[in-house]
>>> print(open('run.json').read())   # JSON, C-alpha atoms
[["chain", "number", "residue", "atom", "x", "y", "z"],
["A", 61, "PHE", "CA", 251.43, 97.61, 88.77],
["A", 62, "VAL", "CA", 252.18, 96.24, 85.32],
["A", 63, "ALA", "CA", 255.05, 93.77, 84.97],
["A", 64, "GLU", "CA", 257.85, 94.85, 82.66],
["A", 65, "GLY", "CA", 257.67, 92.97, 79.38],
["A", 66, "SER", "CA", 254.19, 91.57, 80.03],
["A", 67, "ALA", "CA", 251.55, 91.57, 77.31],
["A", 68, "LEU", "CA", 249.74, 94.43, 79.04],
["A", 69, "ASP", "CA", 253.00, 96.40, 79.35],
["A", 70, "LEU", "CA", 253.68, 95.96, 75.63],
["A", 71, "GLU", "CA", 250.13, 97.02, 74.86],
["A", 72, "TYR", "CA", 250.56, 100.23, 76.89],
["A", 73, "LYS", "CA", 253.91, 100.97, 75.21],
["A", 74, "ARG", "CA", 252.39, 100.40, 71.78],
["A", 75, "GLU", "CA", 249.62, 102.87, 72.56],
["A", 76, "LEU", "CA", 252.09, 105.45, 73.91],
["A", 77, "LYS", "CA", 254.25, 105.14, 70.79],
["A", 78, "GLY", "CA", 251.23, 105.43, 68.56],
["A", 79, "THR", "CA", 252.49, 102.46, 66.54],
["A", 80, "ASP", "CA", 250.46, 99.73, 64.88],
["A", 81, "GLU", "CA", 253.01, 97.02, 65.63],
["A", 82, "PRO", "CA", 251.23, 93.90, 66.93],
["A", 83, "THR", "CA", 251.65, 93.06, 70.59],
["A", 84, "ARG", "CA", 252.37, 89.60, 71.96],
["A", 85, "THR", "CA", 248.66, 89.27, 72.69],
["A", 86, "ASP", "CA", 247.83, 90.13, 69.07],
["A", 87, "LEU", "CA", 250.37, 87.64, 67.76],
["A", 88, "LYS", "CA", 249.14, 84.92, 70.09],
["A", 89, "ARG", "CA", 245.53, 85.52, 69.06],
["A", 90, "GLU", "CA", 246.47, 85.46, 65.37],
["A", 91, "SER", "CA", 248.53, 82.28, 65.83],
["A", 92, "THR", "CA", 245.64, 80.56, 67.61],
["A", 93, "GLU", "CA", 243.21, 81.52, 64.85],
["A", 94, "LEU", "CA", 245.54, 80.28, 62.11],
["A", 95, "GLN", "CA", 246.04, 77.00, 63.98],
["A", 96, "LYS", "CA", 242.26, 76.58, 64.13],
["A", 97, "LEU", "CA", 241.89, 77.40, 60.43],
["A", 98, "GLY", "CA", 244.54, 74.78, 59.70],
["A", 99, "GLU", "CA", 242.53, 72.20, 61.66],
["A", 100, "ASP", "CA", 239.38, 73.15, 59.76],
["A", 101, "LEU", "CA", 241.19, 72.50, 56.47],
["A", 102, "LEU", "CA", 241.24, 68.79, 57.35],
["A", 103, "ASN", "CA", 237.44, 68.67, 57.14],
["A", 104, "LEU", "CA", 237.04, 70.94, 54.12],
["A", 105, "ARG", "CA", 235.21, 69.40, 51.15],
["A", 106, "THR", "CA", 237.52, 68.38, 48.30],
["A", 107, "GLU", "CA", 236.14, 70.83, 45.75],
["A", 108, "LEU", "CA", 236.46, 73.76, 48.16],
["A", 109, "PHE", "CA", 239.98, 72.70, 49.15],
["A", 110, "LYS", "CA", 241.15, 72.49, 45.52],
["A", 111, "LYS", "CA", 239.77, 75.94, 44.74],
["A", 112, "LEU", "CA", 242.10, 77.45, 47.36],
["A", 113, "GLU", "CA", 245.23, 76.38, 45.42],
["A", 114, "LEU", "CA", 247.30, 76.28, 48.60],
["A", 115, "PRO", "CA", 251.10, 75.90, 48.54],
["A", 116, "ASP", "CA", 252.24, 72.30, 48.06],
["A", 117, "LYS", "CA", 253.83, 72.09, 51.52],
["A", 118, "LEU", "CA", 250.58, 73.03, 53.21],
["A", 119, "ALA", "CA", 248.36, 70.93, 50.95],
["A", 120, "ASP", "CA", 250.63, 67.89, 51.41],
["A", 121, "GLY", "CA", 250.75, 68.55, 55.14],
["A", 122, "VAL", "CA", 246.96, 68.51, 55.37],
["A", 123, "ALA", "CA", 246.78, 65.28, 53.36],
["A", 124, "GLU", "CA", 249.37, 63.69, 55.66],
["A", 125, "ALA", "CA", 247.52, 64.84, 58.79],
["A", 126, "LYS", "CA", 244.39, 63.07, 57.56],
["A", 127, "ARG", "CA", 246.31, 59.81, 57.36],
["A", 128, "ILE", "CA", 247.97, 60.02, 60.78],
["A", 129, "THR", "CA", 246.14, 58.22, 63.59],
["A", 130, "ASN", "CA", 248.80, 58.43, 66.31],
["A", 131, "PHE", "CA", 247.94, 61.21, 68.77],
["A", 132, "GLU", "CA", 251.46, 62.60, 69.18],
["A", 133, "GLY", "CA", 252.17, 62.31, 65.46],
["A", 134, "LYS", "CA", 248.95, 64.15, 64.70],
["A", 135, "ARG", "CA", 249.81, 66.89, 67.20],
["A", 136, "ARG", "CA", 253.22, 67.47, 65.61],
["A", 137, "GLN", "CA", 251.70, 67.49, 62.14],
["A", 138, "MET", "CA", 249.13, 70.08, 63.18],
["A", 139, "GLN", "CA", 251.96, 72.27, 64.54],
["A", 140, "PHE", "CA", 253.61, 71.99, 61.11],
["A", 141, "ILE", "CA", 250.35, 73.00, 59.44],
["A", 142, "GLY", "CA", 250.05, 75.95, 61.82],
["A", 143, "LYS", "CA", 253.53, 77.14, 60.79],
["A", 144, "GLN", "CA", 252.64, 76.82, 57.11],
["A", 145, "MET", "CA", 249.44, 78.78, 57.71],
["A", 146, "ARG", "CA", 251.49, 81.68, 59.10],
["A", 147, "LEU", "CA", 253.34, 81.89, 55.77],
["A", 148, "LEU", "CA", 250.17, 82.51, 53.78],
["A", 149, "SER", "CA", 249.21, 85.91, 52.43],
["A", 150, "GLU", "CA", 246.30, 87.72, 54.03],
["A", 151, "GLN", "CA", 244.37, 87.26, 50.80],
["A", 152, "THR", "CA", 244.80, 83.47, 50.92],
["A", 153, "ILE", "CA", 243.85, 83.38, 54.60],
["A", 154, "ASP", "CA", 240.67, 85.31, 53.77],
["A", 155, "ALA", "CA", 239.96, 82.75, 51.05],
["A", 156, "VAL", "CA", 240.38, 79.92, 53.57],
["A", 157, "ARG", "CA", 237.96, 81.64, 55.96],
["A", 158, "ALA", "CA", 235.44, 82.08, 53.12],
["A", 159, "ALA", "CA", 235.73, 78.43, 52.05],
["A", 160, "ILE", "CA", 235.17, 77.20, 55.61],
["A", 161, "ALA", "CA", 232.18, 79.53, 55.98],
["A", 162, "GLU", "CA", 230.78, 78.26, 52.66],
["A", 163, "GLN", "CA", 231.06, 74.67, 53.85],
["A", 164, "HIS", "CA", 229.05, 75.47, 56.96],
["A", 165, "MET", "CA", 226.29, 77.13, 54.94],
["A", 166, "PRO", "CA", 223.91, 74.77, 53.14],
["A", 167, "SER", "CA", 223.63, 75.45, 49.42],
["A", 168, "ALA", "CA", 220.32, 76.28, 47.77],
["A", 169, "GLN", "CA", 220.25, 72.77, 46.28],
["A", 170, "GLU", "CA", 220.90, 71.14, 49.66],
["A", 171, "THR", "CA", 218.14, 73.20, 51.27],
["A", 172, "LEU", "CA", 215.75, 72.16, 48.49],
["A", 173, "VAL", "CA", 216.68, 68.48, 49.02],
["A", 174, "LEU", "CA", 215.95, 68.78, 52.74],
["A", 175, "HIS", "CA", 212.54, 70.36, 52.10],
["A", 176, "GLN", "CA", 211.67, 67.73, 49.49],
["A", 177, "ALA", "CA", 212.78, 64.94, 51.84],
["A", 178, "GLU", "CA", 210.53, 66.29, 54.59],
["A", 179, "GLN", "CA", 207.57, 66.47, 52.19],
["A", 180, "TRP", "CA", 208.14, 62.94, 50.87],
["A", 181, "ARG", "CA", 208.55, 61.53, 54.39],
["A", 182, "ASP", "CA", 205.22, 63.00, 55.48],
["A", 183, "ARG", "CA", 203.48, 61.82, 52.30],
["A", 184, "LEU", "CA", 204.88, 58.29, 52.59],
["A", 185, "ILE", "CA", 203.63, 57.95, 56.16],
["A", 186, "ALA", "CA", 200.22, 59.48, 55.42],
["A", 187, "ASP", "CA", 199.38, 57.88, 52.07],
["A", 188, "ASP", "CA", 199.80, 54.34, 50.71],
["A", 189, "ASP", "CA", 199.73, 55.67, 47.14],
["A", 190, "ALA", "CA", 202.79, 57.80, 47.89],
["A", 191, "VAL", "CA", 204.85, 54.66, 48.57],
["A", 192, "GLY", "CA", 204.07, 53.35, 45.09],
["A", 193, "GLN", "CA", 204.82, 56.73, 43.53],
["A", 194, "TRP", "CA", 208.19, 56.90, 45.30],
["A", 195, "LEU", "CA", 209.13, 53.39, 44.20],
["A", 196, "ASN", "CA", 208.21, 54.19, 40.59],
["A", 197, "LEU", "CA", 210.45, 57.26, 40.67],
["A", 198, "ASN", "CA", 213.21, 55.53, 42.66],
["A", 199, "PRO", "CA", 213.26, 51.84, 41.63],
["A", 200, "GLU", "CA", 216.65, 51.37, 43.32],
["A", 201, "THR", "CA", 214.97, 51.78, 46.73],
["A", 202, "ASP", "CA", 214.61, 48.62, 48.82],
["A", 203, "SER", "CA", 210.81, 48.36, 48.72],
["A", 204, "GLN", "CA", 210.57, 45.93, 51.64],
["A", 205, "GLN", "CA", 212.70, 48.18, 53.84],
["A", 206, "LEU", "CA", 210.69, 51.27, 52.92],
["A", 207, "ARG", "CA", 207.30, 49.60, 53.53],
["A", 208, "SER", "CA", 208.54, 48.21, 56.84],
["A", 209, "LEU", "CA", 209.73, 51.66, 57.95],
["A", 210, "VAL", "CA", 206.43, 53.24, 56.91],
["A", 211, "ARG", "CA", 204.42, 50.65, 58.88],
["A", 212, "GLN", "CA", 206.62, 51.21, 61.95],
["A", 213, "ALA", "CA", 206.41, 54.99, 61.67],
["A", 214, "ARG", "CA", 202.62, 54.83, 61.50],
["A", 215, "LYS", "CA", 202.56, 52.53, 64.50],
["A", 216, "ASP", "CA", 204.89, 54.81, 66.48],
["A", 217, "ALA", "CA", 202.77, 57.87, 65.65],
["A", 218, "LYS", "CA", 199.60, 56.47, 67.19],
["A", 219, "PRO", "CA", 199.06, 58.09, 70.60],
["A", 220, "GLU", "CA", 198.74, 55.63, 73.48],
["A", 221, "LYS", "CA", 196.00, 57.73, 75.05],
["A", 222, "PRO", "CA", 193.33, 59.96, 73.50],
["A", 223, "GLY", "CA", 194.45, 63.56, 73.25],
["A", 224, "GLU", "CA", 198.17, 62.77, 73.30],
["A", 225, "ALA", "CA", 200.37, 64.43, 70.69],
["A", 226, "LEU", "CA", 201.77, 62.41, 67.80],
["A", 227, "ARG", "CA", 205.11, 60.77, 68.53],
["A", 228, "HIS", "CA", 207.99, 60.25, 66.11],
["A", 229, "GLY", "CA", 210.23, 57.24, 66.57],
["A", 230, "ARG", "CA", 213.37, 56.00, 64.86],
["A", 231, "ALA", "CA", 211.48, 54.80, 61.75],
["A", 232, "TYR", "CA", 210.31, 58.39, 61.16],
["A", 233, "ARG", "CA", 213.93, 59.57, 61.11],
["A", 234, "ASP", "CA", 215.10, 56.59, 59.04],
["A", 235, "ILE", "CA", 212.54, 57.33, 56.32],
["A", 236, "PHE", "CA", 213.79, 60.91, 56.13],
["A", 237, "GLN", "CA", 217.40, 59.69, 55.88],
["A", 238, "LEU", "CA", 216.55, 57.15, 53.17],
["A", 239, "VAL", "CA", 214.63, 59.69, 51.10],
["A", 240, "ARG", "CA", 217.21, 62.44, 51.57],
["A", 241, "GLU", "CA", 220.09, 60.22, 50.43],
["A", 242, "ALA", "CA", 218.16, 59.17, 47.32],
["A", 243, "LEU", "CA", 217.27, 62.77, 46.44],
["A", 244, "GLN", "CA", 220.86, 63.88, 47.07],
["A", 245, "ALA", "CA", 222.16, 61.13, 44.77],
["A", 246, "HIS", "CA", 219.80, 62.29, 42.01],
["A", 247, "LEU", "CA", 220.94, 65.88, 42.49],
["A", 248, "GLU", "CA", 224.65, 64.98, 42.32],
["A", 249, "ALA", "CA", 224.05, 62.86, 39.22],
["A", 250, "SER", "CA", 222.27, 65.74, 37.51],
["A", 251, "LEU", "CA", 225.12, 68.12, 38.34],
["A", 252, "ALA", "CA", 227.89, 65.74, 37.27],
["A", 253, "PRO", "CA", 230.01, 66.87, 34.27],
["A", 254, "GLY", "CA", 228.74, 65.53, 30.98],
["A", 255, "GLN", "CA", 225.35, 64.61, 32.41],
["A", 256, "THR", "CA", 223.39, 67.67, 31.29],
["A", 257, "ASN", "CA", 220.59, 67.49, 28.75],
["A", 258, "GLU", "CA", 222.38, 70.05, 26.61],
["A", 259, "ASP", "CA", 225.39, 67.76, 26.26],
["A", 260, "ASP", "CA", 223.14, 64.83, 25.41],
["A", 261, "GLY", "CA", 221.39, 66.87, 22.77],
["A", 262, "GLU", "CA", 224.65, 67.85, 21.06],
["A", 263, "GLU", "CA", 225.75, 64.27, 20.66],
["A", 264, "ASP", "CA", 224.03, 62.87, 17.62]]
>>> encode(input="run.json", output="structure tokens")
Amino acid sequence: FVAEGSALDLEYKRELKGTDEPTRTDLKRESTELQKLGEDLLNLRTELFKKLELPDKLADGVAEAKRITNFEGKRRQMQFIGKQMRLLSEQTIDAVRAAIAEQHMPSAQETLVLHQAEQWRDRLIADDDAVGQWLNLNPETDSQQLRSLVRQARKDAKPEKPGEALRHGRAYRDIFQLVREALQAHLEASLAPGQTNEDDGEED
């Protein structure tokens, strides 16, 4: 037995009619997805958000939602964003999905930074000369902090008993974080507008 007017009943009727009209279930699923996409917009990187060129009402609504800390106020604002999302064209919604997917995928540069950070971390812990090389290339680094972390990481890595595997403590992770942030800063500086070598060469 299928209740009259239920989602399943409407689904059966749609199939019998051979129509493509969305059922209540379809509409509910679509509404839920759009609400989730609207929530994801709050965490979208600025450059990706700007590229979407969303309607002012939606863009302003997202900016306002970021400022609201009250739970109930935030809930109402997210409902407003959900309504604005339902007014978007399918093309714009696809663009939002693509932007969110792009944010979750590391760029080639970010992947390179991670690999370089891993290599530098291992070199710093294994070789005293590497510490001096890093400091020469990155004079802004706190040398005392770095040397202290390296000493602690080496100490942590020593097995307590013969035959035990190497251990990695907090210092090991902190070195990676320190190196990664420095490499990321260099990358962003090199990609900043007006910072290319070509631009420098043109100015005489």
>>> residues_around(input="run.json", residues="stretch 203-213 of chain A", least_positions_apart="6", cutoff="10 Å", atoms="only C-alpha atoms", output="PyMOL selection string")
chain A and resi 181-182+184-188+191-192+194-195+227-235+238-239
>>> atom_distance(input="run.json", atom1="atom CA of A:Leu112", atom2="atom CA of A:Glu132")
28.0 Å
>>> atom_distance(input="run.json", atom1="atom CA of A:Gln137", atom2="atom CA of A:Leu114")
16.7 Å
>>> residues_around(input="run.json", residues="A:Leu243", least_positions_apart="2", cutoff="9 Å", atoms="only C-alpha atoms", output="list in words")
Val173, Leu174, Gln176, Ala177, Leu238, Val239, Arg240, Glu241, Ala245, His246, Leu247 and Glu248 of chain A
>>> closest_residue(input="run.json", among="A:Ala190, A:Ala161, A:Val156, A:Leu94", to="A:Lys110", atoms="all atoms listed in the file")
A:Val156
>>> atom_distance(input="run.json", atom1="atom CA of A:Lys134", atom2="atom CA of A:Arg89")
22.1 Å
>>> residues_around(input="run.json", residues="A:Ala125", least_positions_apart="6", cutoff="12 Å", atoms="only C-alpha atoms", output="JSON, numbers by chain")
{"A": [98, 99, 100, 101, 102, 103, 118, 119, 131, 132, 133, 134, 135, 136, 137, 138, 139, 140, 141, 142]}
>>> residues_around(input="run.json", residues="A:Asp116", least_positions_apart="4", cutoff="12 Å", atoms="only C-alpha atoms", output="NGL selection string")
:A and (110 or 112 or 120-124 or 141 or 144-145 or 148)
>>> closest_residue(input="run.json", among="A:Lys111, A:Ser149, A:Lys117, A:Lys143", to="A:Gln95", atoms="only C-alpha atoms")
A:Lys143
>>> closest_residue(input="run.json", among="A:Ser250, A:Gln193, A:Arg105, A:Gln244", to="A:Gln163", atoms="only C-alpha atoms")
A:Arg105
>>> closest_residue(input="run.json", among="A:Arg183, A:Lys215, A:Lys96, A:Lys88", to="A:Ile153", atoms="all atoms listed in the file")
A:Lys96
>>> decode(input="run.json", residues="stretch 82-105 of chain A", atoms="N, CA, C and O atoms", output="compact mmCIF listing (two decimals), in the first residue's frame")
# COMPACT_ATOMS: atom_id res chain seq x y z
N PRO A 82 10.04 16.86 -11.67
CA PRO A 82 10.67 16.37 -10.44
C PRO A 82 9.65 16.02 -9.37
O PRO A 82 8.62 16.68 -9.24
N THR A 83 9.92 14.98 -8.64
CA THR A 83 9.05 14.59 -7.54
C THR A 83 9.45 15.37 -6.29
O THR A 83 10.45 16.10 -6.27
N ARG A 84 8.67 15.18 -5.22
CA ARG A 84 9.02 15.83 -3.96
C ARG A 84 10.38 15.36 -3.47
O ARG A 84 11.16 16.12 -2.93
N THR A 85 10.66 14.06 -3.68
CA THR A 85 11.95 13.51 -3.28
C THR A 85 13.08 14.19 -4.04
O THR A 85 14.11 14.55 -3.47
N ASP A 86 12.87 14.37 -5.35
CA ASP A 86 13.89 15.04 -6.17
C ASP A 86 14.13 16.45 -5.68
O ASP A 86 15.27 16.91 -5.57
N LEU A 87 13.03 17.16 -5.43
CA LEU A 87 13.14 18.56 -4.99
C LEU A 87 13.83 18.67 -3.64
O LEU A 87 14.63 19.57 -3.41
N LYS A 88 13.49 17.73 -2.75
CA LYS A 88 14.10 17.73 -1.42
C LYS A 88 15.60 17.46 -1.53
O LYS A 88 16.42 18.12 -0.86
N ARG A 89 15.96 16.50 -2.36
CA ARG A 89 17.38 16.16 -2.55
C ARG A 89 18.14 17.35 -3.13
O ARG A 89 19.24 17.68 -2.69
N GLU A 90 17.53 18.00 -4.12
CA GLU A 90 18.17 19.16 -4.75
C GLU A 90 18.32 20.31 -3.75
O GLU A 90 19.36 20.96 -3.69
N SER A 91 17.27 20.53 -2.96
CA SER A 91 17.31 21.60 -1.96
C SER A 91 18.41 21.35 -0.93
O SER A 91 19.14 22.26 -0.54
N THR A 92 18.53 20.09 -0.50
CA THR A 92 19.56 19.74 0.48
C THR A 92 20.96 19.96 -0.09
O THR A 92 21.85 20.47 0.60
N GLU A 93 21.15 19.59 -1.36
CA GLU A 93 22.46 19.77 -1.98
C GLU A 93 22.80 21.24 -2.10
O GLU A 93 23.93 21.67 -1.83
N LEU A 94 21.83 22.06 -2.51
CA LEU A 94 22.08 23.49 -2.67
C LEU A 94 22.39 24.14 -1.32
O LEU A 94 23.21 25.05 -1.23
N GLN A 95 21.69 23.67 -0.27
CA GLN A 95 21.96 24.19 1.07
C GLN A 95 23.40 23.88 1.47
O GLN A 95 24.11 24.72 2.03
N LYS A 96 23.84 22.66 1.15
CA LYS A 96 25.21 22.26 1.47
C LYS A 96 26.23 23.07 0.66
O LYS A 96 27.27 23.50 1.18
N LEU A 97 25.94 23.30 -0.61
CA LEU A 97 26.82 24.11 -1.44
C LEU A 97 26.92 25.53 -0.89
O LEU A 97 27.99 26.14 -0.89
N GLY A 98 25.78 26.05 -0.40
CA GLY A 98 25.78 27.37 0.20
C GLY A 98 26.66 27.43 1.43
O GLY A 98 27.38 28.41 1.65
N GLU A 99 26.64 26.37 2.24
CA GLU A 99 27.50 26.31 3.43
C GLU A 99 28.97 26.25 3.03
O GLU A 99 29.82 26.87 3.66
N ASP A 100 29.26 25.50 1.95
CA ASP A 100 30.64 25.38 1.49
C ASP A 100 31.18 26.71 0.98
O ASP A 100 32.40 26.95 1.02
N LEU A 101 30.29 27.59 0.49
CA LEU A 101 30.73 28.89 0.00
C LEU A 101 31.40 29.71 1.11
O LEU A 101 32.27 30.53 0.84
N LEU A 102 30.99 29.48 2.36
CA LEU A 102 31.56 30.23 3.48
C LEU A 102 33.04 29.95 3.65
O LEU A 102 33.78 30.80 4.17
N ASN A 103 33.48 28.77 3.23
CA ASN A 103 34.88 28.38 3.42
C ASN A 103 35.69 28.44 2.13
O ASN A 103 36.85 28.04 2.11
N LEU A 104 35.06 28.96 1.06
CA LEU A 104 35.74 29.01 -0.23
C LEU A 104 36.81 30.11 -0.22
O LEU A 104 36.58 31.20 0.30
N ARG A 105 37.98 29.80 -0.78
CA ARG A 105 39.06 30.79 -0.85
C ARG A 105 38.60 32.03 -1.60
O ARG A 105 37.81 31.94 -2.56
